[in-house]
Amino acid sequence: MLNIDGFAYTNRLRQVHPLEKAAFAFITMFLCIGFSLPVFSCIIILLMAYAIIGLARIPMKVYLKLMSLPLSFLSIGVLTIAVSISTHGFGAAQLAGITISGINIGITHSGLHSAAGLFFKSLGAVSCLYFLSLTTPAVEIVDVMRKLKIPALFIELTDLIYRFIFVMLATAEDIYTSQSSRWGYASLKNSMKSLGQLTAALFIKAYHRSQTLFTALSSRGYNGRLNVLAPEYTVSVINIVIIAIVESTLAITAILLEMGKIG
Amino acid sequence: MADYILEAENLSYIYPDGTQALKGLYLRIPRSQKTAVLGSNGAGKSTLFLHFNGILKPKSGTVKFNGNNVSYDRRSLLELRKNVGIVFQDPDSQLFSASVYQEISFGPLNLGLTEKTVRDRVERAMTATGINELKDKPTHMLSYGQKKRVTIADILAMEPQVLICDEPTAWLDPKHAKQTLQLFDKIIQNGTTVVLSTHDVDLAYSWADYVFIMSDGRVIGEGVPDKVFSDDALLRNADLDRPWLVDVHDLLIKKGCIPPKATLPRNKEELFEKILYHGICTGEQ
Ligand SMILES: Nc1ncnc2c1ncn2[C@@H]1O[C@H](COP(=O)(O)OP(=O)(O)O)[C@@H](O)[C@H]1O
Ligand SMILES: [Mg+2]
């Protein structure tokens with residue numbers, strides 16, 4: 001998570017307008033979800049891989065590691081879809097399977113097809129989100145939310161949560177260091193006890209933080225709304241044109257593929 | 001008749017847990033000057049500051065801004081907070097946004113200024129504090145000193161009449177502490193009153209025009225630095241040391257190296273000058 005945050009501030013697409021990056025990520029993601037075509041999903045995975053590694057210059061190793069994260073739970077989920085259970089057999093549709101006391105456990109063609117579809121579709125959607133989070137700092141995603149007139153409560157919460165993840169993380173690190181320098185994690189028993197105390201301390205500190213933050217905000221005229229101004233970004237016409245071309249090409253490809261499948 | 005911007009009269013405050021932090025304190029802060037409130041930990045400095053922009057309401061006594069009693073309705077409080085800005089000691093409890101730019105825009109936006117004015121003020125505050133290059137950095141990737149400067153820019157952008165800083169140099173290295181004090185010298189040039197709290201006698205001695213000494217919820221002494229820091233009994237009562245400059249100066253007089261009754265040197269350079277040009281030392285040149 002922290003690594004992603006670091007890349008968001010240092011990647012090659014940092015200066016691109018956040019709204020452009022968000023549009024690219026989300027339109028592609030909706031296309032990916034909208035069309036159930038494994039080939040199309042693969043195209044999107046490749047496109048995003050190029051955008052992440054080739055354009056944003058995120059190291060290949062980081063990209064692969066991030067993509068492997070959802071693999072384990074995806075595999076389990078997909079397995080349950082690929083395998084069908086029936087009491088009266090699948091007939092010709094069955095590709096492989098066993099029968100245990102009258103219950104058929106097997107893999108059918110359609111089961112396999114929808115499993116593969118879901119697998120690639122999920123990876124495609126995930127890579128769209130990775131693109132956005134690796135190239136756009138959370139602060140700027142919040143700016144986009146503000147531009148899209150998402151209710152202020154969500155925006156303020158997102159902003160505060162993001163900020164305080166780091167404040168609390170630093171606090172937790174300090175407590176952890178101070179505990180371990182006093183043998184707090186030297187044995188399993190010590191570790192359990194220390195971890196419990198750390199958690200309790202964090203809650204108390206979080207409460208205390210919220211109090212002092214409220215005081216500091218009040219002294220700057222806080223009136224229940226966290227009004228802020230985002231820096232001004234410059235819109236790039238070229239980028240918008242490129243995004244439009246890529247997205248419409250994607251859409252046309254998907255439609256052609258879809259028609260090919262039907263025909 | 002001197003001109004006071006902030007005044008506290010017979011101010012008392014008791015925290016909900018029963019700690020009496022202020023015990024009938026009197027203090028008047030001169031306008032457009034550099035004032036230091038000096039006191040050891042727990043003397044009540046932070047508590048006093050929170051009274052100056054109406055965050056805390058006194059149990060008894062009054063706070064005055066520009067000669068008028070502070071009232072505690074919403075409108076008056078907003079007006080007070082527009083004019084009296086506090087930079088808190090711990091930057092992490094003041095910074096609420098992950099974006100430096102957004103963080104600084106918060107205060108001036110609350111004043112109901114137009115977007116253009118706010119952007120101008122944010123730029124100016126960033127330039128004054130020298131943090132222009134941090135604009136695109138998230139606050140959690142800043143060093144302690146950088147965070148401190150952002151919190152000062154936070155308040156500068158509101159253009160208050162009084163800038164109050166709670167322990168601005170605590171935890172700063174000497175270089176950044178010096179930079180911060182130079183920043184205050186710059187701020188004061190346009191008539192802003194700067195008040196800071198500290199337990200660092202050397203800092204208060206060299207920097208301030210006027211000093212208050214606090215101990216146990218009261219002001220037990222005040223005056224220009226020369227006078228305050230020559231009063232040994234006062235410093236002892238407040239659990240403070242003498243500034244090293246005063247110590248060395250005394251020693252040099254006692255040893256006959258510089259003429260007695262010389263004015264106290266305010267910084268290292270002044271002391272060296274005294275020794276070099278007015279000294280009657282008999283050592284080698
Ligand atoms: N929130 C609080 N609740 C209870 N007591 C407090 C609180 N804040 C400060 N105090 C107490 O009030 C006294 C003055 O504290 P403070 O104003 O923070 O002193 P200083 O800033 O000079 O170190 C201390 O005894 C301190 O323990
Ligand atoms: Mg304090």
# chains A, B, ... in the order shown; residues from 1 in each chain; ligands from 1

$ residues_near_ligand --ligand "ligand 1" --cutoff "6 Å" --atoms "only C-alpha atoms and all ligand atoms" --output "mmCIF file with N, CA, C and O atoms, in the first residue's frame"
data_model
loop_
_atom_site.group_PDB
_atom_site.id
_atom_site.type_symbol
_atom_site.label_atom_id
_atom_site.label_comp_id
_atom_site.auth_asym_id
_atom_site.auth_seq_id
_atom_site.Cartn_x
_atom_site.Cartn_y
_atom_site.Cartn_z
ATOM 1 N N TYR B 15 -8.665 22.812 34.057
ATOM 2 C CA TYR B 15 -9.024 21.756 33.107
ATOM 3 C C TYR B 15 -10.078 20.837 33.731
ATOM 4 O O TYR B 15 -10.161 20.751 34.957
ATOM 5 N N ASP B 17 -10.162 17.870 34.327
ATOM 6 C CA ASP B 17 -9.677 16.887 35.301
ATOM 7 C C ASP B 17 -9.260 17.537 36.617
ATOM 8 O O ASP B 17 -8.748 16.870 37.511
ATOM 9 N N THR B 19 -7.010 20.073 37.045
ATOM 10 C CA THR B 19 -5.713 20.765 37.046
ATOM 11 C C THR B 19 -5.940 22.264 36.878
ATOM 12 O O THR B 19 -6.564 22.695 35.905
ATOM 13 N N ALA B 21 -4.498 25.273 35.599
ATOM 14 C CA ALA B 21 -3.362 25.597 34.734
ATOM 15 C C ALA B 21 -3.008 27.077 34.789
ATOM 16 O O ALA B 21 -1.848 27.443 34.648
ATOM 17 N N ASN B 41 8.365 23.547 31.438
ATOM 18 C CA ASN B 41 7.236 22.700 31.032
ATOM 19 C C ASN B 41 6.134 22.717 32.084
ATOM 20 O O ASN B 41 6.413 22.625 33.274
ATOM 21 N N GLY B 42 4.910 22.868 31.633
ATOM 22 C CA GLY B 42 3.780 22.834 32.555
ATOM 23 C C GLY B 42 3.486 24.175 33.203
ATOM 24 O O GLY B 42 2.629 24.274 34.071
ATOM 25 N N ALA B 43 4.197 25.228 32.782
ATOM 26 C CA ALA B 43 3.975 26.545 33.385
ATOM 27 C C ALA B 43 2.614 27.119 32.992
ATOM 28 O O ALA B 43 2.071 27.977 33.679
ATOM 29 N N GLY B 44 2.075 26.661 31.859
ATOM 30 C CA GLY B 44 0.750 27.150 31.433
ATOM 31 C C GLY B 44 0.788 27.954 30.148
ATOM 32 O O GLY B 44 -0.206 28.588 29.777
ATOM 33 N N LYS B 45 1.893 27.906 29.442
ATOM 34 C CA LYS B 45 2.039 28.709 28.217
ATOM 35 C C LYS B 45 0.998 28.315 27.165
ATOM 36 O O LYS B 45 0.299 29.165 26.616
ATOM 37 N N SER B 46 0.913 27.010 26.887
ATOM 38 C CA SER B 46 -0.026 26.563 25.850
ATOM 39 C C SER B 46 -1.464 26.883 26.247
ATOM 40 O O SER B 46 -2.285 27.293 25.417
ATOM 41 N N THR B 47 -1.771 26.694 27.502
ATOM 42 C CA THR B 47 -3.119 26.984 27.988
ATOM 43 C C THR B 47 -3.445 28.464 27.789
ATOM 44 O O THR B 47 -4.528 28.823 27.330
#

$ interface_residues --of "chain B" --to "chain A" --cutoff "8 Å" --atoms "only C-alpha atoms" --output "NGL selection string"
:B and (53-55 or 78 or 81-82 or 85-86 or 88 or 92-99 or 101-103 or 105-107 or 109-111 or 115 or 119 or 137-138 or 140 or 155)

$ write_last_selection --atoms "N, CA, C and O atoms" --output "CSV table (one decimal), in the first residue's frame"
chain,number,residue,atom,x,y,z
B,53,ASN,N,-7.2,32.9,21.3
B,53,ASN,CA,-8.1,32.9,20.2
B,53,ASN,C,-9.4,32.2,20.5
B,53,ASN,O,-10.1,31.7,19.6
B,54,GLY,N,-9.7,32.2,21.8
B,54,GLY,CA,-11.0,31.8,22.2
B,54,GLY,C,-11.3,30.3,22.1
B,54,GLY,O,-12.5,29.9,22.2
B,55,ILE,N,-10.3,29.5,22.0
B,55,ILE,CA,-10.5,28.0,22.1
B,55,ILE,C,-10.9,27.6,23.5
B,55,ILE,O,-11.8,26.8,23.7
B,78,LEU,N,-15.2,33.9,15.3
B,78,LEU,CA,-14.6,33.8,14.0
B,78,LEU,C,-13.7,35.0,13.7
B,78,LEU,O,-12.6,34.9,13.1
B,81,ARG,N,-10.5,34.8,15.6
B,81,ARG,CA,-9.6,33.8,15.0
B,81,ARG,C,-9.0,34.2,13.7
B,81,ARG,O,-8.0,33.7,13.3
B,82,LYS,N,-9.7,35.1,13.0
B,82,LYS,CA,-9.2,35.7,11.8
B,82,LYS,C,-7.9,36.5,12.2
B,82,LYS,O,-7.0,36.6,11.4
B,85,GLY,N,-3.8,34.2,15.1
B,85,GLY,CA,-3.5,32.9,14.6
B,85,GLY,C,-2.5,32.1,15.5
B,85,GLY,O,-1.6,32.7,16.0
B,86,ILE,N,-2.8,30.8,15.7
B,86,ILE,CA,-1.9,30.0,16.5
B,86,ILE,C,-1.3,28.9,15.7
B,86,ILE,O,-1.9,28.2,15.0
B,88,PHE,N,0.5,25.5,16.2
B,88,PHE,CA,0.6,24.6,17.3
B,88,PHE,C,1.9,23.9,17.4
B,88,PHE,O,2.7,23.9,16.4
B,92,ASP,N,1.9,17.6,13.4
B,92,ASP,CA,1.0,16.5,13.0
B,92,ASP,C,-0.4,16.7,13.6
B,92,ASP,O,-1.3,16.0,13.1
B,93,SER,N,-0.5,17.5,14.6
B,93,SER,CA,-1.9,17.7,15.1
B,93,SER,C,-2.6,18.9,14.4
B,93,SER,O,-3.7,19.2,14.6
B,94,GLN,N,-1.8,19.6,13.6
B,94,GLN,CA,-2.4,20.8,12.9
B,94,GLN,C,-2.7,20.4,11.4
B,94,GLN,O,-3.7,20.8,10.9
B,95,LEU,N,-1.8,19.6,10.8
B,95,LEU,CA,-1.9,19.3,9.4
B,95,LEU,C,-3.0,18.3,9.3
B,95,LEU,O,-2.9,17.1,9.7
B,96,PHE,N,-4.1,18.6,8.6
B,96,PHE,CA,-5.2,17.7,8.4
B,96,PHE,C,-5.3,17.1,7.0
B,96,PHE,O,-5.8,16.1,6.8
B,97,SER,N,-4.6,17.8,6.1
B,97,SER,CA,-4.7,17.4,4.7
B,97,SER,C,-3.4,16.8,4.2
B,97,SER,O,-2.3,17.1,4.7
B,98,ALA,N,-3.5,15.8,3.3
B,98,ALA,CA,-2.3,15.2,2.8
B,98,ALA,C,-1.6,16.1,1.8
B,98,ALA,O,-0.5,15.9,1.4
B,99,SER,N,-2.3,17.2,1.3
B,99,SER,CA,-1.7,18.1,0.3
B,99,SER,C,-1.3,19.4,1.0
B,99,SER,O,-2.1,20.0,1.6
B,101,TYR,N,-0.8,22.3,-0.5
B,101,TYR,CA,-1.5,23.4,-1.0
B,101,TYR,C,-2.9,23.5,-0.4
B,101,TYR,O,-3.4,24.5,0.0
B,102,GLN,N,-3.6,22.3,-0.4
B,102,GLN,CA,-5.0,22.3,0.2
B,102,GLN,C,-4.9,22.7,1.7
B,102,GLN,O,-5.8,23.4,2.1
B,103,GLU,N,-3.9,22.2,2.4
B,103,GLU,CA,-3.8,22.5,3.8
B,103,GLU,C,-3.7,24.0,4.0
B,103,GLU,O,-4.5,24.5,4.8
B,105,SER,N,-4.7,26.4,2.0
B,105,SER,CA,-5.9,27.1,1.6
B,105,SER,C,-7.1,27.1,2.6
B,105,SER,O,-8.0,27.8,2.4
B,106,PHE,N,-7.0,26.2,3.5
B,106,PHE,CA,-8.1,26.0,4.4
B,106,PHE,C,-8.5,27.2,5.2
B,106,PHE,O,-9.7,27.7,5.2
B,107,GLY,N,-7.5,27.8,5.9
B,107,GLY,CA,-7.8,29.0,6.7
B,107,GLY,C,-8.4,30.2,5.9
B,107,GLY,O,-9.5,30.7,6.2
B,109,LEU,N,-9.9,30.3,3.1
B,109,LEU,CA,-11.2,29.9,2.5
B,109,LEU,C,-12.3,30.1,3.6
B,109,LEU,O,-13.4,30.6,3.3
B,110,ASN,N,-12.0,29.8,4.8
B,110,ASN,CA,-12.9,30.0,5.9
B,110,ASN,C,-13.3,31.4,6.2
B,110,ASN,O,-14.3,31.7,6.7
B,111,LEU,N,-12.4,32.3,5.7
B,111,LEU,CA,-12.6,33.7,5.9
B,111,LEU,C,-13.6,34.3,4.9
B,111,LEU,O,-13.9,35.4,4.9
B,115,GLU,N,-11.9,32.9,-4.5
B,115,GLU,CA,-10.9,31.9,-4.9
B,115,GLU,C,-9.6,32.5,-5.3
B,115,GLU,O,-8.5,32.1,-4.9
B,119,ARG,N,-6.0,31.9,-3.6
B,119,ARG,CA,-4.8,31.4,-4.3
B,119,ARG,C,-3.6,32.3,-4.1
B,119,ARG,O,-2.5,31.9,-3.9
B,137,LYS,N,4.1,17.9,-2.8
B,137,LYS,CA,4.5,16.8,-1.9
B,137,LYS,C,3.4,16.5,-0.9
B,137,LYS,O,2.7,17.5,-0.4
B,138,PRO,N,3.2,15.3,-0.6
B,138,PRO,CA,2.2,15.0,0.5
B,138,PRO,C,2.8,15.3,1.8
B,138,PRO,O,4.0,15.2,2.0
B,140,HIS,N,2.8,13.8,4.5
B,140,HIS,CA,3.4,12.7,5.3
B,140,HIS,C,4.8,12.4,4.8
B,140,HIS,O,5.5,11.6,5.4
B,155,ILE,N,-1.0,29.6,8.9
B,155,ILE,CA,-1.5,30.8,9.6
B,155,ILE,C,-1.2,32.1,8.9
B,155,ILE,O,-2.1,33.0,8.8

$ closest_residue --among "A:Ala254, A:Leu134, A:Thr99, A:Leu157" --to "Val62 of chain A" --atoms "only C-alpha atoms"
A:Leu134

$ select_by_dssp --residues "segment 44-183 of chain A" --states "strand (DSSP E)" --output "list in words"
Val83, Ser84, Ile85, Ser86, Gln94, Leu95, Ala96, Gly97, Ile98, Thr99, Ile100, Ile103, Asn104, Ile105, Gly106, Ile107 and Thr108 of chain A

$ write_last_selection --atoms "N, CA, C and O atoms" --output "PDB file, in the first residue's frame"
ATOM      1  N   VAL A  83     -16.019 -25.714 -11.666  1.00  0.00           N
ATOM      2  CA  VAL A  83     -16.463 -27.058 -11.280  1.00  0.00           C
ATOM      3  C   VAL A  83     -17.971 -27.053 -11.040  1.00  0.00           C
ATOM      4  O   VAL A  83     -18.487 -26.213 -10.306  1.00  0.00           O
ATOM      5  N   SER A  84     -18.687 -27.945 -11.697  1.00  0.00           N
ATOM      6  CA  SER A  84     -20.131 -28.032 -11.496  1.00  0.00           C
ATOM      7  C   SER A  84     -20.470 -29.349 -10.814  1.00  0.00           C
ATOM      8  O   SER A  84     -19.781 -30.348 -10.958  1.00  0.00           O
ATOM      9  N   ILE A  85     -21.546 -29.329 -10.055  1.00  0.00           N
ATOM     10  CA  ILE A  85     -22.008 -30.535  -9.352  1.00  0.00           C
ATOM     11  C   ILE A  85     -23.429 -30.835  -9.807  1.00  0.00           C
ATOM     12  O   ILE A  85     -24.264 -29.927  -9.903  1.00  0.00           O
ATOM     13  N   SER A  86     -23.685 -32.099 -10.122  1.00  0.00           N
ATOM     14  CA  SER A  86     -25.025 -32.440 -10.587  1.00  0.00           C
ATOM     15  C   SER A  86     -25.341 -33.872 -10.179  1.00  0.00           C
ATOM     16  O   SER A  86     -24.438 -34.683  -9.948  1.00  0.00           O
ATOM     17  N   GLN A  94     -19.793 -32.484 -20.688  1.00  0.00           N
ATOM     18  CA  GLN A  94     -18.737 -32.733 -19.709  1.00  0.00           C
ATOM     19  C   GLN A  94     -17.388 -32.960 -20.372  1.00  0.00           C
ATOM     20  O   GLN A  94     -17.261 -33.730 -21.315  1.00  0.00           O
ATOM     21  N   LEU A  95     -16.381 -32.242 -19.878  1.00  0.00           N
ATOM     22  CA  LEU A  95     -15.033 -32.414 -20.422  1.00  0.00           C
ATOM     23  C   LEU A  95     -14.247 -33.417 -19.580  1.00  0.00           C
ATOM     24  O   LEU A  95     -13.477 -34.217 -20.076  1.00  0.00           O
ATOM     25  N   ALA A  96     -14.443 -33.345 -18.258  1.00  0.00           N
ATOM     26  CA  ALA A  96     -13.756 -34.266 -17.352  1.00  0.00           C
ATOM     27  C   ALA A  96     -14.578 -34.324 -16.094  1.00  0.00           C
ATOM     28  O   ALA A  96     -15.375 -33.423 -15.826  1.00  0.00           O
ATOM     29  N   GLY A  97     -14.435 -35.375 -15.320  1.00  0.00           N
ATOM     30  CA  GLY A  97     -15.199 -35.406 -14.092  1.00  0.00           C
ATOM     31  C   GLY A  97     -15.192 -36.764 -13.438  1.00  0.00           C
ATOM     32  O   GLY A  97     -14.714 -37.759 -14.000  1.00  0.00           O
ATOM     33  N   ILE A  98     -15.696 -36.828 -12.223  1.00  0.00           N
ATOM     34  CA  ILE A  98     -15.828 -38.093 -11.508  1.00  0.00           C
ATOM     35  C   ILE A  98     -17.230 -38.185 -10.929  1.00  0.00           C
ATOM     36  O   ILE A  98     -17.926 -37.179 -10.766  1.00  0.00           O
ATOM     37  N   THR A  99     -17.634 -39.419 -10.634  1.00  0.00           N
ATOM     38  CA  THR A  99     -18.936 -39.635 -10.028  1.00  0.00           C
ATOM     39  C   THR A  99     -18.732 -40.323  -8.687  1.00  0.00           C
ATOM     40  O   THR A  99     -18.100 -41.368  -8.610  1.00  0.00           O
ATOM     41  N   ILE A 100     -19.220 -39.673  -7.640  1.00  0.00           N
ATOM     42  CA  ILE A 100     -19.111 -40.282  -6.310  1.00  0.00           C
ATOM     43  C   ILE A 100     -20.527 -40.520  -5.804  1.00  0.00           C
ATOM     44  O   ILE A 100     -21.299 -39.574  -5.646  1.00  0.00           O
ATOM     45  N   ILE A 103     -23.354 -38.699  -7.385  1.00  0.00           N
ATOM     46  CA  ILE A 103     -23.214 -37.245  -7.591  1.00  0.00           C
ATOM     47  C   ILE A 103     -22.068 -36.999  -8.557  1.00  0.00           C
ATOM     48  O   ILE A 103     -20.959 -37.478  -8.358  1.00  0.00           O
ATOM     49  N   ASN A 104     -22.391 -36.244  -9.598  1.00  0.00           N
ATOM     50  CA  ASN A 104     -21.412 -35.933 -10.620  1.00  0.00           C
ATOM     51  C   ASN A 104     -20.648 -34.658 -10.281  1.00  0.00           C
ATOM     52  O   ASN A 104     -21.257 -33.598 -10.078  1.00  0.00           O
ATOM     53  N   ILE A 105     -19.341 -34.782 -10.195  1.00  0.00           N
ATOM     54  CA  ILE A 105     -18.526 -33.562 -10.046  1.00  0.00           C
ATOM     55  C   ILE A 105     -17.713 -33.440 -11.314  1.00  0.00           C
ATOM     56  O   ILE A 105     -16.900 -34.319 -11.630  1.00  0.00           O
ATOM     57  N   GLY A 106     -17.945 -32.387 -12.068  1.00  0.00           N
ATOM     58  CA  GLY A 106     -17.270 -32.322 -13.349  1.00  0.00           C
ATOM     59  C   GLY A 106     -17.019 -30.918 -13.843  1.00  0.00           C
ATOM     60  O   GLY A 106     -17.486 -29.923 -13.273  1.00  0.00           O
ATOM     61  N   ILE A 107     -16.242 -30.854 -14.907  1.00  0.00           N
ATOM     62  CA  ILE A 107     -15.963 -29.579 -15.557  1.00  0.00           C
ATOM     63  C   ILE A 107     -16.666 -29.586 -16.896  1.00  0.00           C
ATOM     64  O   ILE A 107     -16.462 -30.500 -17.696  1.00  0.00           O
ATOM     65  N   THR A 108     -17.507 -28.571 -17.109  1.00  0.00           N
ATOM     66  CA  THR A 108     -18.190 -28.504 -18.396  1.00  0.00           C
ATOM     67  C   THR A 108     -17.580 -27.398 -19.241  1.00  0.00           C
ATOM     68  O   THR A 108     -16.864 -26.531 -18.730  1.00  0.00           O
TER      69      THR A 108
END

$ atom_distance --atom1 "atom CA of Asn83 of chain B" --atom2 "atom CA of Gly191 of chain B"
12.7 Å

$ select_by_dssp --residues "segment 22-256 of chain A" --states "helix (DSSP H, G or I)" --output "count of residues only"
172

$ residues_around --residues "Ile131 of chain B" --least-positions-apart "2" --cutoff "9 Å" --atoms "only C-alpha atoms" --output "PyMOL selection string"
chain B and resi 125-129+133-135+146+149-150+153

$ residues_around --residues "Leu245 of chain B" --least-positions-apart "6" --cutoff "10 Å" --atoms "only C-alpha atoms" --output "compact mmCIF listing (two decimals) with all heavy atoms, in the first residue's frame"
# COMPACT_ATOMS: atom_id res chain seq x y z
N ASP B 202 18.17 31.15 26.10
CA ASP B 202 19.09 31.80 25.15
C ASP B 202 18.33 32.37 23.97
O ASP B 202 18.60 33.47 23.50
CB ASP B 202 20.14 30.79 24.66
CG ASP B 202 21.03 30.33 25.80
OD1 ASP B 202 21.52 31.20 26.54
OD2 ASP B 202 21.20 29.11 25.97
N TYR B 205 16.25 35.37 25.07
CA TYR B 205 17.14 36.49 25.35
C TYR B 205 17.60 37.17 24.06
O TYR B 205 17.58 38.39 23.95
CB TYR B 205 18.34 35.99 26.15
CG TYR B 205 19.37 37.04 26.39
CD1 TYR B 205 19.09 38.13 27.21
CD2 TYR B 205 20.61 36.98 25.77
CE1 TYR B 205 20.02 39.12 27.42
CE2 TYR B 205 21.55 37.97 25.97
CZ TYR B 205 21.25 39.03 26.79
OH TYR B 205 22.17 40.02 26.98
N SER B 206 17.99 36.40 23.07
CA SER B 206 18.54 36.99 21.84
C SER B 206 17.47 37.55 20.93
O SER B 206 17.70 38.51 20.21
CB SER B 206 19.32 35.93 21.04
OG SER B 206 20.41 35.50 21.78
N LEU B 251 31.19 37.14 33.85
CA LEU B 251 32.51 36.61 34.17
C LEU B 251 33.61 37.53 33.64
O LEU B 251 34.59 37.82 34.33
CB LEU B 251 32.64 35.20 33.58
CG LEU B 251 33.90 34.44 34.00
CD1 LEU B 251 33.86 34.14 35.49
CD2 LEU B 251 34.02 33.15 33.20
N LEU B 264 24.51 44.79 28.08
CA LEU B 264 24.57 43.35 27.84
C LEU B 264 24.60 43.05 26.35
O LEU B 264 23.87 43.66 25.58
CB LEU B 264 23.35 42.66 28.45
CG LEU B 264 23.41 42.40 29.96
CD1 LEU B 264 22.03 42.03 30.46
CD2 LEU B 264 24.42 41.32 30.28
N PRO B 265 25.43 42.13 25.91
CA PRO B 265 25.42 41.73 24.49
C PRO B 265 24.20 40.87 24.21
O PRO B 265 23.85 40.00 25.00
CB PRO B 265 26.71 40.93 24.35
CG PRO B 265 26.95 40.36 25.71
CD PRO B 265 26.38 41.34 26.70
N ARG B 266 23.54 41.10 23.05
CA ARG B 266 22.33 40.35 22.74
C ARG B 266 22.61 39.07 21.96
O ARG B 266 21.77 38.19 21.87
CB ARG B 266 21.35 41.22 21.94
CG ARG B 266 20.62 42.24 22.79
CD ARG B 266 19.70 41.61 23.80
NE ARG B 266 18.55 40.93 23.20
CZ ARG B 266 17.47 41.56 22.80
NH1 ARG B 266 17.38 42.86 22.92
NH2 ARG B 266 16.48 40.88 22.26
N ASN B 267 23.78 39.00 21.33
CA ASN B 267 24.10 37.78 20.62
C ASN B 267 25.61 37.58 20.62
O ASN B 267 26.36 38.42 21.12
CB ASN B 267 23.54 37.81 19.19
CG ASN B 267 23.91 39.09 18.47
OD1 ASN B 267 25.06 39.53 18.53
ND2 ASN B 267 22.93 39.71 17.81
N LYS B 268 26.02 36.46 20.07
CA LYS B 268 27.42 36.07 20.08
C LYS B 268 28.29 37.16 19.45
O LYS B 268 29.34 37.52 19.99
CB LYS B 268 27.54 34.76 19.29
CG LYS B 268 28.74 33.94 19.63
CD LYS B 268 28.59 32.52 19.11
CE LYS B 268 28.50 32.50 17.60
NZ LYS B 268 28.24 31.13 17.08
N GLU B 270 27.81 40.38 19.15
CA GLU B 270 27.98 41.56 20.00
C GLU B 270 28.99 41.31 21.11
O GLU B 270 29.77 42.18 21.47
CB GLU B 270 26.63 41.96 20.61
CG GLU B 270 25.75 42.77 19.66
CD GLU B 270 24.45 43.20 20.32
OE1 GLU B 270 24.43 43.40 21.56
OE2 GLU B 270 23.45 43.31 19.59
N LEU B 271 28.95 40.09 21.63
CA LEU B 271 29.88 39.74 22.71
C LEU B 271 31.32 39.78 22.19
O LEU B 271 32.21 40.36 22.81
CB LEU B 271 29.55 38.36 23.26
CG LEU B 271 30.48 37.87 24.39
CD1 LEU B 271 30.28 38.70 25.64
CD2 LEU B 271 30.25 36.40 24.69

$ residues_around --residues "Tyr63 of chain A" --least-positions-apart "5" --cutoff "12 Å" --atoms "only C-alpha atoms" --output "PyMOL selection string"
chain A and resi 3-4+7+45-46+48-54+56-58+68-69+126-127+130-131+133-134

$ residues_around --residues "Ala244 of chain A" --least-positions-apart "6" --cutoff "10 Å" --atoms "only C-alpha atoms" --output "VMD selection string"
chain A and resid 23 to 24 27 238 250

$ closest_residue --among "B:Gly256, B:Pro168, B:Gly67, B:Pro174" --to "ligand 2" --atoms "only C-alpha atoms and all ligand atoms"
B:Pro168

$ closest_residue --among "B:Ser143, B:Ser40, B:Thr114, B:Ser71" --to "ligand 2" --atoms "only C-alpha atoms and all ligand atoms"
B:Ser40

$ residues_around --residues "segment 32-42 of chain A" --least-positions-apart "6" --cutoff "12 Å" --atoms "only C-alpha atoms" --output "PyMOL selection string"
chain A and resi 25-26+48-49+112-129+247+249-262

$ closest_residue --among "B:Tyr4, B:Leu27, B:Ala170, B:Lys147" --to "ligand 2" --atoms "only C-alpha atoms and all ligand atoms"
B:Ala170

$ decode --residues "segment 145-154 of chain B" --atoms "N, CA and C atoms" --output "PDB file, in the first residue's frame"
ATOM      1  N   GLY B 145      11.008  19.716  10.099  1.00  0.00           N
ATOM      2  CA  GLY B 145      11.189  21.148   9.873  1.00  0.00           C
ATOM      3  C   GLY B 145      10.295  21.671   8.756  1.00  0.00           C
ATOM      4  N   GLN B 146      10.129  20.852   7.714  1.00  0.00           N
ATOM      5  CA  GLN B 146       9.263  21.264   6.605  1.00  0.00           C
ATOM      6  C   GLN B 146       7.810  21.336   7.046  1.00  0.00           C
ATOM      7  N   LYS B 147       7.389  20.336   7.832  1.00  0.00           N
ATOM      8  CA  LYS B 147       6.012  20.354   8.351  1.00  0.00           C
ATOM      9  C   LYS B 147       5.784  21.619   9.162  1.00  0.00           C
ATOM     10  N   LYS B 148       6.791  21.957   9.962  1.00  0.00           N
ATOM     11  CA  LYS B 148       6.685  23.134  10.818  1.00  0.00           C
ATOM     12  C   LYS B 148       6.457  24.383   9.959  1.00  0.00           C
ATOM     13  N   ARG B 149       7.185  24.459   8.839  1.00  0.00           N
ATOM     14  CA  ARG B 149       7.034  25.632   7.978  1.00  0.00           C
ATOM     15  C   ARG B 149       5.657  25.653   7.317  1.00  0.00           C
ATOM     16  N   VAL B 150       5.154  24.474   6.980  1.00  0.00           N
ATOM     17  CA  VAL B 150       3.801  24.428   6.403  1.00  0.00           C
ATOM     18  C   VAL B 150       2.787  24.948   7.427  1.00  0.00           C
ATOM     19  N   THR B 151       2.960  24.569   8.691  1.00  0.00           N
ATOM     20  CA  THR B 151       1.983  25.019   9.689  1.00  0.00           C
ATOM     21  C   THR B 151       2.067  26.530   9.886  1.00  0.00           C
ATOM     22  N   ILE B 152       3.258  27.092   9.731  1.00  0.00           N
ATOM     23  CA  ILE B 152       3.374  28.554   9.837  1.00  0.00           C
ATOM     24  C   ILE B 152       2.703  29.203   8.622  1.00  0.00           C
ATOM     25  N   ALA B 153       2.910  28.611   7.433  1.00  0.00           N
ATOM     26  CA  ALA B 153       2.262  29.133   6.225  1.00  0.00           C
ATOM     27  C   ALA B 153       0.741  29.066   6.359  1.00  0.00           C
ATOM     28  N   ASP B 154       0.250  27.984   6.986  1.00  0.00           N
ATOM     29  CA  ASP B 154      -1.179  27.839   7.287  1.00  0.00           C
ATOM     30  C   ASP B 154      -1.754  29.114   7.886  1.00  0.00           C
TER      31      ASP B 154
END
